[in-house]
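Peer 1: Below: one structure in structure tokens.
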Amino acid sequence: MGLASAFAIVSLPAAHAAPSGTAVIAEVYGGGGNSGATLVRDFVELGNAGSAAYDLSGHSVQYLPGSPSASSQWQVTALSGALAPGGRFLVAEGAGTGGTTALPNPDATGSIAMSATSGTIALVSGTTALTCKTAADCAADSRIVDLVGYGSAVVREGSGPAAGASNTASVARGSGLSDTDDNAGDFGAQAPSPVNSAGETPGSGDGDGDGDGDGGDPSTPGTVRVRDIQGTTRLSPLDGRTVTRVPGVVTGVRTSGSKGYWIQDPEADADPRTSEGVFVYTGSANPAVTVGDSVLVSGKVSEYYPSSTSQSVTEITTPTVTVLSGGNPLPAPVTLDPASVPNAYAPTADGGSIDALALEPAVYAQDFYESAEGMRVTFADARVVGATTAYDELWVTVKPDESPSARGGTLYSSYDQPNTGRLKVMSLDTAAAFPAANVGDVLSGTTTGPLDYSTYGGYNVQATQLGTRVDKKLKREVTRRAKGGELAVATYNVENLDALDEQGKFDRLAEGVAVNLSSPDIVALEEIQDDNGAVNDGTVTSEATLKRFTDAIRAAGGPRYQWRYIAPANNQDGGEPGGNIRQVFLFNPKRVSFTDRPGGDATTATGVVKTRKGARLTASPGRIDPANSAWGSSRKPLVGEFVFHGETVFVIANHFASKGGDQPLHGRYQPPARSSETQRQAQAVAVNTFVKSLLAADKKAKAVVLGDLNDFEFSPTVAALTAGKVLKPLISTLPAAQRYTYVYDGNAQTLDHILTSPAVTRFDYDVVHINAEFADQASDHDPQIVRIDVHGCR
């Protein structure tokens, strides 16, 4: 039985907040902006029936749908300030596209889209969302100061909810703000009549909140311009203020995701720091404007942070708009090219926020982009450096000569040069097909649109005009087959592979092993999940997953691989919850043998024993120091002992902790903190220590350490792994332009590695580029391979 049905047949007790002699909910209106409404937005009005001020600091107004489902959540608008004795306090909520009259200046502003006919509003001592969904449960929550259910709300006080709410009617408390804890008796329907703490009603104040008091002609621009809103730092000097009749021309309209439109003042000032464009956020409502409209926009200035570490987007929220005319010419765009974009990336604040620093657009690329936030920008004939994603976005560089990789990308080779020419590109034309571009392709012609900012990638162009893709015919690489006396060892992150995946994923990955890697003797796999993937039921085996994968490799022309792994303890190795991610060895038994030694399990460490024939493992396969805190909620290294042409080779498969939690390159904290490095460095030390124990037992031990280390060749992690010169990072043996295995935010970078012990002196190493540069990927990582002449290494 569904929740709605249960509510319909069960007699519910009423919710009772103690009758209040001070703060109460005075009026509730959810029809703002709807068809037939006069007011353009919803509101909640609070009243104080007492003789002393009521402190609203740390309080909130919260809303729940009238018939909540299992997935319904209370929506929260935080409050501050005080409710004067006998006074009112106006909370503006969601706006719509209907209505003609603005609220008086609100005392607090939220964006909750309330129902016109049925819902529950609570005044709460706290800002954490309520969890109650029945009248009885809410009655037991002591944080609720007052509560009003209206329409058919199941959460209400007393005998029933307040009646009569509609697009044209609010529910309002009777004279004297009487509170008997009976919504049906305390409230009646009336024409909405919002009053703010200053006693203003609709039309009684100038409505702009900037103190100009002009009250002016609705078709005449106010005193504030976009440049005044944007200011000379990343934060608006008018943040939190209401502005009125800001003039501009609409340059772009977004009707999906974060809906809204960009306006730009065609009459720019002479200050290069102040942007002339700004985003107007319309919430869930589709914008009622068209590109080329000349408009006057009123609303509240807000700094929106897409994430806790990102920079902010300056916006006008809860807007009202007057369209003066259509079909106007658009302001000339800012050109993005090597001459305009600085080479230095971002100013420094010693790890702190750069929000308040004065912009230096001629010095720093991030300042230059910020100085054009919301404005039209343009570039021409740009090289693609990040392939098209499933979200219809790609990366280009507006600096064609900046850090080129061997195959057309942009190489990331040091922390202090993140490459300033990179920009993400998306299209505002939802009807046109977005190009499926690979790295090295070119967006030919002109790409133009407003410059925006988001959590994922930072500054981006919302293209109203998109260049045409020129296919540069990037090919997937095929490495050579190992010679008879060469041991071929590869590593491949197969991106959360489990037995429930579609066969097509298995086939694509299998082709990578059998064809592109030319069937290595040993393959270390990262991100093999348990047999039912993210189903969190205690399953830890991967037999079905590996059976399907090895069958697919055989069907693709590869050998009949065998496998070895250590199953993790349930939900102890990080990764996708329930997935029980692990490393696995595949090996071709016709070319190489695996030395099985019992005793290895999820919690037991393998060790090294010195014998007359050299070093050997106490357990094979085994795990390296799994009790070490460095491996907390992370994948433990898998080590195995192999024999090839009579020579023992130790292979250590790794998948170090992810970069989750690191501050972004483009964020407001500069330089960004890389907090995740701490765990990876500790993991690197543990593996380095184990390799040292191998070499102590046999200085000629042949060891191959490989896998997804989630860190760069120039990182402290790799430095810790190679300390004492016990390992050689093979990526460093390639020409600089070829040193990458992964592409992120348009930067070609190295996350996957193969390292070898000093006894491995004759080898041939190759990163096989088949995924990271392509729009059509089997995995987000490129595999790599080393072919070792084991006898020549003596």
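Naming scheme: A, B, ... for chains in displayed order of the structure tokens; residues 1 onward per chain; ligands 1 onward as shown.
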Please identify the helix (DSSP H, G or I) residues within segment 19-268 of chain A (assignment by DSSP from backbone atoms) and present them as a PyMOL selection string.
Peer 2: chain A and resi 135-139+175-177+183-186+226-230
Peer 1: Grab the residues selected above and save them as an mmCIF file, in the first residue's frame with all heavy atoms.
Peer 2:
```
data_model
loop_
_atom_site.group_PDB
_atom_site.id
_atom_site.type_symbol
_atom_site.label_atom_id
_atom_site.label_comp_id
_atom_site.auth_asym_id
_atom_site.auth_seq_id
_atom_site.Cartn_x
_atom_site.Cartn_y
_atom_site.Cartn_z
ATOM 1 N N ALA A 135 1.272 14.009 10.948
ATOM 2 C CA ALA A 135 0.927 15.010 11.948
ATOM 3 C C ALA A 135 1.451 14.607 13.319
ATOM 4 O O ALA A 135 1.953 15.439 14.082
ATOM 5 C CB ALA A 135 -0.586 15.206 11.971
ATOM 6 N N ALA A 136 1.369 13.312 13.633
ATOM 7 C CA ALA A 136 1.795 12.853 14.948
ATOM 8 C C ALA A 136 3.298 13.024 15.132
ATOM 9 O O ALA A 136 3.772 13.487 16.176
ATOM 10 C CB ALA A 136 1.400 11.395 15.151
ATOM 11 N N ASP A 137 4.065 12.628 14.112
ATOM 12 C CA ASP A 137 5.519 12.746 14.224
ATOM 13 C C ASP A 137 5.946 14.204 14.316
ATOM 14 O O ASP A 137 6.872 14.547 15.055
ATOM 15 C CB ASP A 137 6.188 12.075 13.024
ATOM 16 C CG ASP A 137 6.092 10.563 13.078
ATOM 17 O OD1 ASP A 137 5.787 10.024 14.159
ATOM 18 O OD2 ASP A 137 6.321 9.922 12.033
ATOM 19 N N CYS A 138 5.297 15.067 13.555
ATOM 20 C CA CYS A 138 5.658 16.486 13.619
ATOM 21 C C CYS A 138 5.285 17.094 14.963
ATOM 22 O O CYS A 138 5.972 17.978 15.473
ATOM 23 C CB CYS A 138 4.989 17.245 12.481
ATOM 24 S SG CYS A 138 5.696 16.873 10.855
ATOM 25 N N ALA A 139 4.172 16.623 15.556
ATOM 26 C CA ALA A 139 3.772 17.124 16.870
ATOM 27 C C ALA A 139 4.818 16.806 17.928
ATOM 28 O O ALA A 139 4.969 17.525 18.916
ATOM 29 C CB ALA A 139 2.423 16.532 17.260
ATOM 30 N N SER A 175 -7.590 38.029 13.240
ATOM 31 C CA SER A 175 -7.155 39.234 13.949
ATOM 32 C C SER A 175 -6.490 38.884 15.265
ATOM 33 O O SER A 175 -6.871 37.931 15.946
ATOM 34 C CB SER A 175 -8.362 40.147 14.203
ATOM 35 O OG SER A 175 -9.316 39.488 15.026
ATOM 36 N N GLY A 176 -5.461 39.659 15.610
ATOM 37 C CA GLY A 176 -4.734 39.431 16.854
ATOM 38 C C GLY A 176 -3.772 38.272 16.802
ATOM 39 O O GLY A 176 -3.185 37.910 17.817
ATOM 40 N N LEU A 177 -3.633 37.657 15.616
ATOM 41 C CA LEU A 177 -2.726 36.519 15.428
ATOM 42 C C LEU A 177 -3.041 35.383 16.408
ATOM 43 O O LEU A 177 -2.162 34.708 16.940
ATOM 44 C CB LEU A 177 -1.248 36.953 15.590
ATOM 45 C CG LEU A 177 -0.748 37.985 14.586
ATOM 46 C CD1 LEU A 177 0.710 38.356 14.892
ATOM 47 C CD2 LEU A 177 -0.867 37.476 13.153
ATOM 48 N N ASN A 183 -5.533 24.684 12.698
ATOM 49 C CA ASN A 183 -5.365 25.410 11.442
ATOM 50 C C ASN A 183 -6.702 25.748 10.794
ATOM 51 O O ASN A 183 -6.883 26.845 10.247
ATOM 52 C CB ASN A 183 -4.525 24.600 10.463
ATOM 53 C CG ASN A 183 -3.068 24.429 10.883
ATOM 54 O OD1 ASN A 183 -2.383 23.554 10.390
ATOM 55 N ND2 ASN A 183 -2.597 25.261 11.808
ATOM 56 N N ALA A 184 -7.663 24.832 10.855
ATOM 57 C CA ALA A 184 -8.952 25.067 10.222
ATOM 58 C C ALA A 184 -9.677 26.245 10.866
ATOM 59 O O ALA A 184 -10.363 27.014 10.183
ATOM 60 C CB ALA A 184 -9.813 23.814 10.283
ATOM 61 N N GLY A 185 -9.522 26.382 12.182
ATOM 62 C CA GLY A 185 -10.206 27.463 12.876
ATOM 63 C C GLY A 185 -9.435 28.765 12.903
ATOM 64 O O GLY A 185 -10.034 29.844 12.906
ATOM 65 N N ASP A 186 -8.089 28.685 12.900
ATOM 66 C CA ASP A 186 -7.270 29.888 13.034
ATOM 67 C C ASP A 186 -7.086 30.636 11.723
ATOM 68 O O ASP A 186 -6.768 31.828 11.719
ATOM 69 C CB ASP A 186 -5.888 29.525 13.588
ATOM 70 C CG ASP A 186 -5.924 29.113 15.054
ATOM 71 O OD1 ASP A 186 -6.925 29.419 15.722
ATOM 72 O OD2 ASP A 186 -4.951 28.481 15.511
ATOM 73 N N VAL A 226 24.809 46.439 -14.710
ATOM 74 C CA VAL A 226 25.419 45.124 -14.491
ATOM 75 C C VAL A 226 26.811 45.272 -13.909
ATOM 76 O O VAL A 226 27.221 44.521 -13.015
ATOM 77 C CB VAL A 226 25.454 44.318 -15.811
ATOM 78 C CG1 VAL A 226 26.262 43.036 -15.623
ATOM 79 C CG2 VAL A 226 24.056 43.991 -16.290
ATOM 80 N N ARG A 227 27.582 46.232 -14.384
ATOM 81 C CA ARG A 227 28.947 46.417 -13.885
ATOM 82 C C ARG A 227 28.958 46.704 -12.386
ATOM 83 O O ARG A 227 29.904 46.318 -11.685
ATOM 84 C CB ARG A 227 29.636 47.545 -14.651
ATOM 85 C CG ARG A 227 29.068 48.946 -14.399
ATOM 86 C CD ARG A 227 29.727 49.996 -15.245
ATOM 87 N NE ARG A 227 29.394 49.847 -16.651
ATOM 88 C CZ ARG A 227 28.411 50.513 -17.260
ATOM 89 N NH1 ARG A 227 27.668 51.363 -16.566
ATOM 90 N NH2 ARG A 227 28.181 50.332 -18.534
ATOM 91 N N ASP A 228 27.921 47.371 -11.884
ATOM 92 C CA ASP A 228 27.822 47.649 -10.454
ATOM 93 C C ASP A 228 27.565 46.366 -9.674
ATOM 94 O O ASP A 228 28.022 46.214 -8.536
ATOM 95 C CB ASP A 228 26.695 48.649 -10.181
ATOM 96 C CG ASP A 228 26.881 49.959 -10.922
ATOM 97 O OD1 ASP A 228 28.024 50.442 -10.970
ATOM 98 O OD2 ASP A 228 25.887 50.475 -11.467
ATOM 99 N N ILE A 229 26.809 45.470 -10.293
ATOM 100 C CA ILE A 229 26.528 44.181 -9.653
ATOM 101 C C ILE A 229 27.789 43.320 -9.630
ATOM 102 O O ILE A 229 28.128 42.711 -8.600
ATOM 103 C CB ILE A 229 25.401 43.451 -10.413
ATOM 104 C CG1 ILE A 229 24.095 44.239 -10.278
ATOM 105 C CG2 ILE A 229 25.234 42.024 -9.905
ATOM 106 C CD1 ILE A 229 22.977 43.704 -11.160
ATOM 107 N N GLN A 230 28.522 43.276 -10.729
ATOM 108 C CA GLN A 230 29.698 42.411 -10.819
ATOM 109 C C GLN A 230 30.878 42.934 -10.007
ATOM 110 O O GLN A 230 31.605 42.154 -9.372
ATOM 111 C CB GLN A 230 30.112 42.233 -12.286
ATOM 112 C CG GLN A 230 29.163 41.364 -13.091
ATOM 113 C CD GLN A 230 29.302 39.886 -12.769
ATOM 114 O OE1 GLN A 230 29.990 39.493 -11.815
ATOM 115 N NE2 GLN A 230 28.648 39.049 -13.545
#
```
Peer 1: For segment 772-778 of chain A, work out the shell of residues within 6 Å, counting only C-alpha atoms and skipping chain neighbours fewer than 2 positions away, then give it as a PyMOL selection string.
Peer 2: chain A and resi 387-388+438-439+508-509+742-743+780-782
Peer 1: Can you write just those residues out, N, CA, C and O atoms, as a short mmCIF file (atom, residue, chain, number, x, y, z; two decimals), in the first residue's frame?
Peer 2:
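Final output, again.cif:
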```cif
data_model
loop_
_atom_site.label_atom_id
_atom_site.label_comp_id
_atom_site.auth_asym_id
_atom_site.auth_seq_id
_atom_site.Cartn_x
_atom_site.Cartn_y
_atom_site.Cartn_z
N ALA A 387 37.54 14.98 -25.06
CA ALA A 387 36.51 14.43 -25.95
C ALA A 387 35.11 14.71 -25.43
O ALA A 387 34.88 14.92 -24.23
N THR A 388 34.15 14.67 -26.33
CA THR A 388 32.75 14.86 -25.99
C THR A 388 32.31 13.82 -24.97
O THR A 388 32.59 12.63 -25.10
N ASN A 438 36.69 13.86 -30.83
CA ASN A 438 37.81 13.24 -30.15
C ASN A 438 38.91 14.28 -29.94
O ASN A 438 38.93 15.34 -30.58
N VAL A 439 39.84 13.97 -29.07
CA VAL A 439 41.01 14.83 -28.87
C VAL A 439 41.73 14.98 -30.20
O VAL A 439 41.90 14.02 -30.95
N ARG A 508 33.94 -4.72 -25.58
CA ARG A 508 34.84 -3.61 -25.87
C ARG A 508 36.13 -3.72 -25.05
O ARG A 508 37.24 -3.53 -25.57
N LEU A 509 35.99 -4.02 -23.76
CA LEU A 509 37.16 -4.16 -22.92
C LEU A 509 38.00 -5.36 -23.34
O LEU A 509 39.24 -5.32 -23.33
N TYR A 742 45.29 9.45 -19.21
CA TYR A 742 43.97 9.86 -18.76
C TYR A 742 43.78 11.30 -19.18
O TYR A 742 44.75 12.06 -19.25
N VAL A 743 42.55 11.70 -19.46
CA VAL A 743 42.27 13.09 -19.79
C VAL A 743 41.18 13.59 -18.87
O VAL A 743 40.09 13.00 -18.79
N ASP A 780 37.56 4.95 -18.93
CA ASP A 780 38.10 6.30 -18.95
C ASP A 780 39.62 6.32 -18.86
O ASP A 780 40.23 7.39 -18.92
N HIS A 781 40.25 5.16 -18.71
CA HIS A 781 41.71 5.05 -18.63
C HIS A 781 42.26 4.36 -19.86
O HIS A 781 41.62 3.47 -20.43
N ASP A 782 43.47 4.73 -20.24
CA ASP A 782 44.22 3.98 -21.24
C ASP A 782 45.05 2.90 -20.55
O ASP A 782 45.66 3.16 -19.49
#
```
Peer 1: Neighbouring residues of Pro783 of chain A were defined as those with any atom within 10 Å, considering only C-alpha atoms; residues of the same chain fewer than 5 positions away were excluded. Please report them as number ranges by chain.
Peer 2: A: 490-494, 512-513, 516-517, 523-525, 707-708, 741-742, 752-753, 766-772
Peer 1: Running DSSP on the backbone, which parts of segment 566-614 of chain A land in strand (DSSP E or B), as a JSON list (two decimals) with C-alpha atoms, in the first residue's frame?
Peer 2:
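Output below, filename states_3.json:
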```json
[["chain", "number", "residue", "atom", "x", "y", "z"],
["A", 582, "ARG", "CA", 39.44, -5.21, -6.21],
["A", 583, "GLN", "CA", 42.52, -5.86, -8.39],
["A", 584, "VAL", "CA", 42.76, -9.11, -10.34],
["A", 585, "PHE", "CA", 45.55, -10.90, -12.19],
["A", 586, "LEU", "CA", 44.76, -12.48, -15.53],
["A", 587, "PHE", "CA", 47.51, -14.69, -16.95],
["A", 593, "SER", "CA", 52.77, -19.99, -14.63],
["A", 594, "PHE", "CA", 51.40, -18.70, -11.36],
["A", 597, "ARG", "CA", 50.90, -20.48, -2.05],
["A", 605, "ALA", "CA", 49.50, -9.93, 4.95],
["A", 608, "VAL", "CA", 58.88, -12.25, 1.85],
["A", 609, "VAL", "CA", 61.16, -15.19, 2.62],
["A", 610, "LYS", "CA", 64.79, -15.43, 1.57],
["A", 611, "THR", "CA", 65.73, -18.82, 0.09],
["A", 614, "GLY", "CA", 66.07, -16.07, -4.08]]
```
Peer 1: With a distance cut-off of 6 Å and only C-alpha atoms, select the neighbouring residues of Tyr261 of chain A, excluding the residue or stretch itself and same-chain residues fewer than 2 positions from it, and output the selection as an NGL selection string.
Peer 2: :A and (252-254 or 279-280)
Peer 1: Write the residues of the selection above to a file with N, CA and C atoms, as a CSV table (one decimal), in the first residue's frame.
Peer 2:
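Heads up, here's the output in again.csv:
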```
chain,number,residue,atom,x,y,z
A,252,GLY,N,21.7,34.9,-24.2
A,252,GLY,CA,21.6,33.5,-24.2
A,252,GLY,C,20.5,33.1,-23.2
A,253,VAL,N,19.8,32.0,-23.5
A,253,VAL,CA,18.7,31.5,-22.7
A,253,VAL,C,18.9,30.0,-22.5
A,254,ARG,N,18.8,29.6,-21.2
A,254,ARG,CA,19.0,28.2,-20.8
A,254,ARG,C,17.7,27.6,-20.3
A,279,PHE,N,24.1,36.4,-15.1
A,279,PHE,CA,23.1,35.4,-15.3
A,279,PHE,C,21.8,35.7,-14.4
A,280,VAL,N,20.7,35.6,-15.0
A,280,VAL,CA,19.4,35.8,-14.3
A,280,VAL,C,18.8,34.5,-14.1
```
Peer 1: Given only C-alpha atoms as the basis, pick out the residue of A:Ala169, A:Leu755, A:Leu330, A:Ala113 nearest to Gly96 of chain A.
Peer 2: A:Ala113
Peer 1: Mind pulling up the distance from atom CA of Ala92 of chain A to atom CA of Gln75 of chain A?
Peer 2: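 Atom CA of Gln75 of chain A sits 13.7 Å away from atom CA of Ala92 of chain A.
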Peer 1: Quick one: residues within 8 Å of segment 307-310 of chain A, only C-alpha atoms, excluding same-chain residues fewer than 4 positions away - as a CSV table (one decimal) with N, CA, C and O atoms, in the first residue's frame?
Peer 2:
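Writing the result to part.csv gives the following:
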```csv
chain,number,residue,atom,x,y,z
A,454,SER,N,30.9,26.5,-13.5
A,454,SER,CA,30.3,25.4,-12.9
A,454,SER,C,31.3,24.6,-12.0
A,454,SER,O,32.5,24.8,-12.2
A,455,THR,N,30.8,23.8,-11.2
A,455,THR,CA,31.6,22.9,-10.4
A,455,THR,C,32.5,22.1,-11.2
A,455,THR,O,33.7,21.9,-10.9
A,458,GLY,N,35.0,24.4,-14.1
A,458,GLY,CA,35.1,25.9,-14.0
A,458,GLY,C,34.5,26.7,-15.1
A,458,GLY,O,33.3,26.5,-15.4
A,663,GLN,N,40.8,20.0,-3.6
A,663,GLN,CA,40.2,21.3,-4.2
A,663,GLN,C,40.5,21.4,-5.7
A,663,GLN,O,41.6,21.0,-6.1
A,664,PRO,N,39.6,21.9,-6.5
A,664,PRO,CA,39.8,22.0,-7.9
A,664,PRO,C,40.8,23.0,-8.3
A,664,PRO,O,41.0,24.0,-7.6
A,666,HIS,N,40.5,25.1,-10.5
A,666,HIS,CA,39.8,26.4,-10.9
A,666,HIS,C,39.0,27.0,-9.7
A,666,HIS,O,38.2,27.9,-9.9
A,667,GLY,N,39.2,26.4,-8.5
A,667,GLY,CA,38.4,26.8,-7.3
A,667,GLY,C,38.8,28.1,-6.7
A,667,GLY,O,39.8,28.8,-7.1
A,668,ARG,N,38.1,28.5,-5.6
A,668,ARG,CA,38.4,29.8,-5.0
A,668,ARG,C,39.5,29.7,-4.0
A,668,ARG,O,40.0,30.7,-3.6
A,669,TYR,N,40.0,28.5,-3.7
A,669,TYR,CA,41.1,28.4,-2.8
A,669,TYR,C,42.4,28.2,-3.6
A,669,TYR,O,42.5,27.2,-4.4
```
Peer 1: Please produce, as JSON lines, a per-residue contact table for segment 406-525 of chain A versus segment 358-368 of chain A (criterion: any atom at most 10 Å away, only C-alpha atoms considered), showing the nearest atom pair and its distance in Å to one decimal, sorted by chain then residue number.
Peer 2:
```
{"residue": "A:Asn419", "atom": "CA", "partner": "A:Ala365", "partner_atom": "CA", "distance": 9.4}
{"residue": "A:Thr420", "atom": "CA", "partner": "A:Ala365", "partner_atom": "CA", "distance": 5.9}
{"residue": "A:Gly421", "atom": "CA", "partner": "A:Ala365", "partner_atom": "CA", "distance": 8.2}
{"residue": "A:Gly458", "atom": "CA", "partner": "A:Gln366", "partner_atom": "CA", "distance": 9.3}
{"residue": "A:Tyr459", "atom": "CA", "partner": "A:Gln366", "partner_atom": "CA", "distance": 8.4}
```
Peer 1: Any chance you can output those residues with N, CA, C and O atoms as an mmCIF file, in the first residue's frame?
Peer 2:
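What landed in result16.cif:
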```
data_model
loop_
_atom_site.group_PDB
_atom_site.id
_atom_site.type_symbol
_atom_site.label_atom_id
_atom_site.label_comp_id
_atom_site.auth_asym_id
_atom_site.auth_seq_id
_atom_site.Cartn_x
_atom_site.Cartn_y
_atom_site.Cartn_z
ATOM 1 N N ASN A 419 47.600 24.961 -17.463
ATOM 2 C CA ASN A 419 47.200 25.250 -18.839
ATOM 3 C C ASN A 419 45.998 26.193 -18.867
ATOM 4 O O ASN A 419 44.866 25.795 -18.596
ATOM 5 N N THR A 420 46.266 27.424 -19.202
ATOM 6 C CA THR A 420 45.271 28.483 -19.073
ATOM 7 C C THR A 420 44.320 28.581 -20.249
ATOM 8 O O THR A 420 43.282 29.236 -20.157
ATOM 9 N N GLY A 421 44.630 27.917 -21.362
ATOM 10 C CA GLY A 421 43.784 28.034 -22.539
ATOM 11 C C GLY A 421 42.623 27.068 -22.579
ATOM 12 O O GLY A 421 41.801 27.120 -23.498
ATOM 13 N N GLY A 458 34.953 24.443 -14.109
ATOM 14 C CA GLY A 458 35.150 25.880 -13.965
ATOM 15 C C GLY A 458 34.510 26.669 -15.091
ATOM 16 O O GLY A 458 33.341 26.469 -15.448
ATOM 17 N N TYR A 459 35.257 27.586 -15.689
ATOM 18 C CA TYR A 459 34.692 28.469 -16.701
ATOM 19 C C TYR A 459 34.366 27.694 -17.976
ATOM 20 O O TYR A 459 35.130 26.833 -18.409
#
```
Peer 1: Give me the residues near Arg480 of chain A as a ChimeraX atom specification, where near means some atom within 12 Å (using only C-alpha atoms) and where sequence neighbours in that chain fewer than 3 positions away do not count.
Peer 2: /A:477,483,486,488,514-520,764-768,784-787
Peer 1: When you look at segment 48-62 of chain A with a cut-off of 8 Å (counting only C-alpha atoms), what residues show up, excluding the ones that are within fewer than 2 positions of it in the same chain? I need them as a PyMOL selection string.
Peer 2: chain A and resi 21-24+46+64+74-88+121-127+129-130+176-177
